[in-house]
$ cat work13.cif   # mmCIF, C-alpha atoms
data_coords
#
loop_
_atom_site.label_atom_id
_atom_site.label_comp_id
_atom_site.auth_asym_id
_atom_site.auth_seq_id
_atom_site.Cartn_x
_atom_site.Cartn_y
_atom_site.Cartn_z
CA MET A 624 -16.00 -22.92 -26.24
CA THR A 625 -14.25 -23.65 -22.99
CA ASP A 626 -15.60 -25.92 -20.27
CA TYR A 627 -15.76 -24.84 -16.62
CA VAL A 628 -16.46 -26.47 -13.27
CA LEU A 629 -19.17 -24.88 -11.15
CA THR A 630 -17.86 -23.88 -7.71
CA ALA A 631 -21.03 -22.07 -6.62
CA SER A 632 -23.79 -24.13 -5.05
CA ARG A 633 -26.17 -23.60 -7.97
CA PHE A 634 -26.33 -21.97 -11.42
CA ASP A 635 -29.30 -21.76 -13.80
CA GLN A 636 -27.97 -21.47 -17.36
CA VAL A 637 -30.44 -19.90 -19.80
CA LEU A 638 -30.00 -21.54 -23.21
CA GLU A 639 -32.90 -19.98 -25.08
CA ARG A 640 -35.09 -16.87 -24.66
CA ASP A 641 -38.23 -15.66 -26.43
CA ALA A 642 -38.57 -12.29 -28.19
CA SER A 643 -39.31 -10.42 -24.95
CA GLY A 644 -36.36 -11.97 -23.09
CA PHE A 645 -38.30 -14.56 -21.09
CA PRO A 646 -36.26 -17.77 -20.61
CA LEU A 647 -37.62 -20.71 -22.59
CA LYS A 648 -34.90 -23.27 -22.01
CA VAL A 649 -32.99 -23.39 -18.70
CA VAL A 650 -30.44 -25.95 -17.48
CA LYS A 651 -29.94 -26.15 -13.70
CA HIS A 652 -26.40 -26.97 -12.55
CA ARG A 653 -25.14 -27.93 -9.07
CA ARG A 654 -21.66 -27.54 -7.53
CA GLY A 655 -19.07 -29.65 -9.32
CA ALA A 656 -21.00 -29.78 -12.62
CA LEU A 657 -19.14 -29.35 -15.90
CA ILE A 658 -20.54 -26.31 -17.74
CA SER A 659 -20.02 -25.54 -21.41
CA GLY A 660 -21.57 -23.13 -23.87
CA LEU A 661 -21.02 -19.95 -21.84
CA SER A 662 -20.53 -16.69 -23.69
CA ALA A 663 -17.28 -14.86 -23.04
CA ALA A 664 -19.10 -12.13 -21.10
CA GLU A 665 -21.01 -14.61 -18.95
CA ALA A 666 -17.85 -16.66 -18.29
CA ALA A 667 -15.98 -13.50 -17.25
CA ARG A 668 -18.84 -12.47 -14.93
CA LEU A 669 -18.99 -15.89 -13.28
CA LYS A 670 -15.20 -16.07 -12.92
CA ALA A 671 -15.15 -12.65 -11.25
CA ALA A 672 -17.83 -13.82 -8.83
CA GLY A 673 -15.87 -16.99 -8.06
CA ALA A 674 -18.76 -19.15 -9.29
CA ILE A 675 -16.76 -21.15 -11.87
CA GLY A 676 -13.26 -22.47 -12.24
CA PRO A 677 -11.29 -24.07 -15.04
CA ALA A 678 -12.28 -27.60 -15.97
CA PRO A 679 -9.65 -30.26 -15.36
CA ASP A 680 -7.71 -31.25 -18.46
CA PRO A 681 -8.57 -34.79 -19.59
CA ALA A 682 -4.83 -35.46 -19.90
CA ASP A 683 -4.49 -34.79 -16.18
CA GLU A 684 -7.06 -37.38 -15.14
CA VAL A 685 -6.12 -39.57 -12.21
CA VAL A 686 -4.76 -42.93 -13.17
CA GLU A 687 -4.83 -45.52 -10.44
CA VAL A 688 -2.66 -48.57 -10.31
CA VAL A 689 -4.15 -51.52 -8.47
CA VAL A 690 -1.65 -54.03 -7.14
CA VAL A 691 -3.00 -57.37 -5.95
CA GLU A 692 -0.54 -59.53 -4.12
CA PRO A 693 -1.28 -63.23 -4.60
CA ALA A 694 -0.54 -64.25 -0.99
CA THR A 695 -2.98 -61.77 0.55
CA THR A 696 -6.47 -60.48 -0.10
CA GLU A 697 -5.43 -56.84 0.35
CA VAL A 698 -5.83 -54.45 -2.55
CA VAL A 699 -3.42 -51.52 -2.66
CA VAL A 700 -4.50 -48.46 -4.65
CA GLU A 701 -1.74 -46.09 -5.68
CA PRO A 702 -2.62 -42.82 -7.41
CA ALA A 703 -0.47 -41.80 -10.37
CA ASP A 704 2.31 -39.27 -9.71
CA ASP A 705 1.53 -35.58 -10.34
CA ALA A 706 -2.17 -36.29 -10.87
CA VAL A 707 -4.71 -33.64 -9.94
CA THR A 708 -8.01 -34.98 -8.68
CA SER A 709 -11.32 -33.23 -9.08
CA GLU A 710 -11.41 -32.92 -5.28
CA GLU A 711 -8.13 -30.99 -5.39
CA SER A 712 -9.49 -28.77 -8.18
CA LEU A 713 -12.64 -28.16 -6.19
CA ALA A 714 -10.61 -27.46 -3.03
CA THR A 715 -8.46 -24.98 -4.96
CA ALA A 716 -11.54 -23.28 -6.39
CA GLU A 717 -13.17 -23.12 -2.95
CA ALA A 718 -9.98 -21.63 -1.48
CA GLU A 719 -9.97 -18.98 -4.23
CA HIS A 720 -13.66 -18.31 -3.52
CA GLU A 721 -12.93 -17.91 0.21
CA ALA A 722 -10.07 -15.51 -0.60
CA ALA A 723 -12.39 -13.46 -2.81
CA GLN A 724 -15.01 -13.48 -0.03
CA ALA A 725 -12.39 -12.25 2.45
CA GLU A 726 -11.46 -9.43 0.06
CA ALA A 727 -15.14 -8.47 -0.23
CA ASP A 728 -15.52 -8.48 3.56
CA GLU A 729 -12.42 -6.30 3.85
CA ALA A 730 -13.85 -3.88 1.27
CA ARG A 731 -17.11 -3.71 3.26
CA ALA A 732 -15.13 -2.96 6.44
CA ASP A 733 -13.21 -0.21 4.62
CA ALA A 734 -16.49 1.27 3.41
CA ALA A 735 -17.84 1.20 6.98
CA GLU A 736 -14.72 3.03 8.17
CA GLN A 737 -15.15 5.67 5.44
CA VAL A 738 -18.78 6.19 6.44
CA ALA A 739 -17.73 6.54 10.07
CA GLU A 740 -15.06 9.11 9.14
CA LEU A 741 -17.53 11.11 7.05
CA ASN A 742 -20.09 10.99 9.85
CA ALA A 743 -17.50 12.20 12.32
CA ARG A 744 -16.90 15.28 10.14
CA LEU A 745 -20.56 16.21 9.95
CA GLU A 746 -22.51 18.02 12.62
CA GLU A 747 -25.52 15.74 12.12
CA PRO A 748 -24.41 12.27 10.95
CA VAL A 749 -25.93 10.86 7.78
CA ARG A 750 -28.42 8.09 8.44
CA PRO A 751 -27.09 4.81 6.93
CA LYS A 752 -29.07 2.81 4.41
CA ILE A 753 -31.24 0.06 5.84
CA THR A 754 -29.00 -2.49 4.09
CA ALA A 755 -25.90 -1.22 5.94
CA THR A 756 -24.23 -3.58 8.41
CA LYS A 757 -24.96 -3.54 12.12
CA LYS A 758 -21.47 -2.11 12.70
CA VAL A 759 -22.39 0.95 10.62
CA TRP A 760 -25.65 1.36 12.54
CA VAL A 761 -23.78 1.11 15.87
CA GLU A 762 -21.35 3.82 14.71
CA TYR A 763 -24.32 5.97 13.68
CA ALA A 764 -25.90 5.51 17.11
CA VAL A 765 -22.62 6.47 18.82
CA ALA A 766 -22.38 9.56 16.59
CA ARG A 767 -25.87 10.51 17.76
CA GLY A 768 -24.79 10.29 21.41
CA TRP A 769 -25.49 6.67 22.36
CA LYS A 770 -23.10 4.57 24.40
CA VAL A 771 -21.39 1.78 22.42
CA ALA A 772 -22.51 -0.92 24.87
CA ASP A 773 -26.15 0.20 24.63
CA ALA A 774 -26.08 0.20 20.84
CA GLU A 775 -24.44 -3.23 20.61
CA LYS A 776 -27.03 -4.80 22.93
CA LEU A 777 -29.71 -4.25 20.29
CA ASP A 778 -29.90 -6.20 17.07
CA LYS A 779 -29.79 -4.33 13.75
CA GLN A 780 -33.57 -4.07 13.31
CA GLU A 781 -34.05 -2.72 16.85
CA LEU A 782 -31.30 -0.15 16.23
CA ILE A 783 -32.98 1.00 13.03
CA GLU A 784 -36.33 1.38 14.80
CA ALA A 785 -34.79 3.22 17.76
CA LEU A 786 -32.84 5.64 15.55
CA SER A 787 -35.67 6.36 13.10
#
$ encode --input "work13.cif" --output "structure tokens"
Amino acid sequence: MTDYVLTASRFDQVLERDASGFPLKVVKHRRGALISGLSAAEAARLKAAGAIGPAPDPADEVVEVVVVEPATTEVVVEPADDAVTSEESLATAEAEHEAAQAEADEARADAAEQVAELNARLEEPVRPKITATKKVWVEYAVARGWKVADAEKLDKQELIEALS
């Protein structure tokens, strides 16, 4: 099985379950932990969520050369050429996670636009779900005849109560 580095803040890996599916043995991992023993389906799910990244290859470990000059007490540390540190791997994984988060935010904005377009076509706009974003609730209020400034003054919960 392949090893992975956890990029999410926390992951509870269930190693053993009883007959009814209740977890008996759970290992708790924190960001930066090396995880092994994942099934292919679980690894694919965690990769898609941006929760894990590939583990660094042991051959790529950082080799440091320490040069001590006899006339001074300074120690010079020089990293090996073309070495990838775990910090760089973590930074790369975090950058990929941020890119995936940006894509998700963009998809949410597109969904909000689609809801707004559909509401504009209807005579009576469809009430958004309670879990919808404040932006969707503001658009719903505007479709019901509110002024944008009035709707944006309220927080999401106040909007829901006022429009219910």
$ residues_near_point --input "work13.cif" --point "(-15.8, -23.6, -9.7)" --cutoff "9 Å" --atoms "only C-alpha atoms" --output "PyMOL selection string"
chain A and resi 627-631+654-656+670+673-678+712-713+715-717+720
$ residues_around --input "work13.cif" --residues "Ser662 (chain A)" --least-positions-apart "5" --cutoff "12 Å" --atoms "only C-alpha atoms" --output "short mmCIF file (atom, residue, chain, number, x, y, z; two decimals) with C-alpha atoms, in the coordinates of the input"
data_model
loop_
_atom_site.label_atom_id
_atom_site.label_comp_id
_atom_site.auth_asym_id
_atom_site.auth_seq_id
_atom_site.Cartn_x
_atom_site.Cartn_y
_atom_site.Cartn_z
CA MET A 624 -16.00 -22.92 -26.24
CA THR A 625 -14.25 -23.65 -22.99
CA ASP A 626 -15.60 -25.92 -20.27
CA TYR A 627 -15.76 -24.84 -16.62
CA GLN A 636 -27.97 -21.47 -17.36
CA VAL A 637 -30.44 -19.90 -19.80
CA LEU A 638 -30.00 -21.54 -23.21
CA ALA A 667 -15.98 -13.50 -17.25
CA ARG A 668 -18.84 -12.47 -14.93
CA LEU A 669 -18.99 -15.89 -13.28
#
$ residues_around --input "work13.cif" --residues "region 725-732 of chain A" --least-positions-apart "4" --cutoff "10 Å" --atoms "all atoms listed in the file" --output "ChimeraX atom specification"
/A:719-721,736-738,755-756,758-759
$ closest_residue --input "work13.cif" --among "A:Lys752, A:Ala764, A:Ala672, A:Val771" --to "Ala723 (chain A)" --atoms "only C-alpha atoms"
A:Ala672
$ resolve_selection --input "work13.cif" --expression "the PyMOL selection byres ((chain A and resi 634) around 6)" --output "list in words"
Arg633, Asp635, Lys651 and His652 of chain A
$ write_last_selection --input "work13.cif" --atoms "C-alpha atoms" --output "tab-separated table (two decimals), in the frame of the given file"
chain	number	residue	atom	x	y	z
A	633	ARG	CA	-26.17	-23.60	-7.97
A	635	ASP	CA	-29.30	-21.76	-13.80
A	651	LYS	CA	-29.94	-26.15	-13.70
A	652	HIS	CA	-26.40	-26.97	-12.55
$ atom_distance --input "work13.cif" --atom1 "CA of Ala722 (chain A)" --atom2 "CA of Ala671 (chain A)"
12.1 Å
$ resolve_selection --input "work13.cif" --expression "the PyMOL selection byres ((chain A and resi 780) around 12)" --output "ChimeraX atom specification"
/A:753-757,760-761,774-779,781-787
$ atom_distance --input "work13.cif" --atom1 "CA of Ala718 (chain A)" --atom2 "CA of Ser632 (chain A)"
14.5 Å
$ closest_residue --input "work13.cif" --among "A:Ala734, A:Leu647, A:Leu657, A:Ala739" --to "Ser709 (chain A)" --atoms "all atoms listed in the file"
A:Leu657
$ atom_distance --input "work13.cif" --atom1 "CA of Gln724 (chain A)" --atom2 "CA of Glu740 (chain A)"
24.4 Å
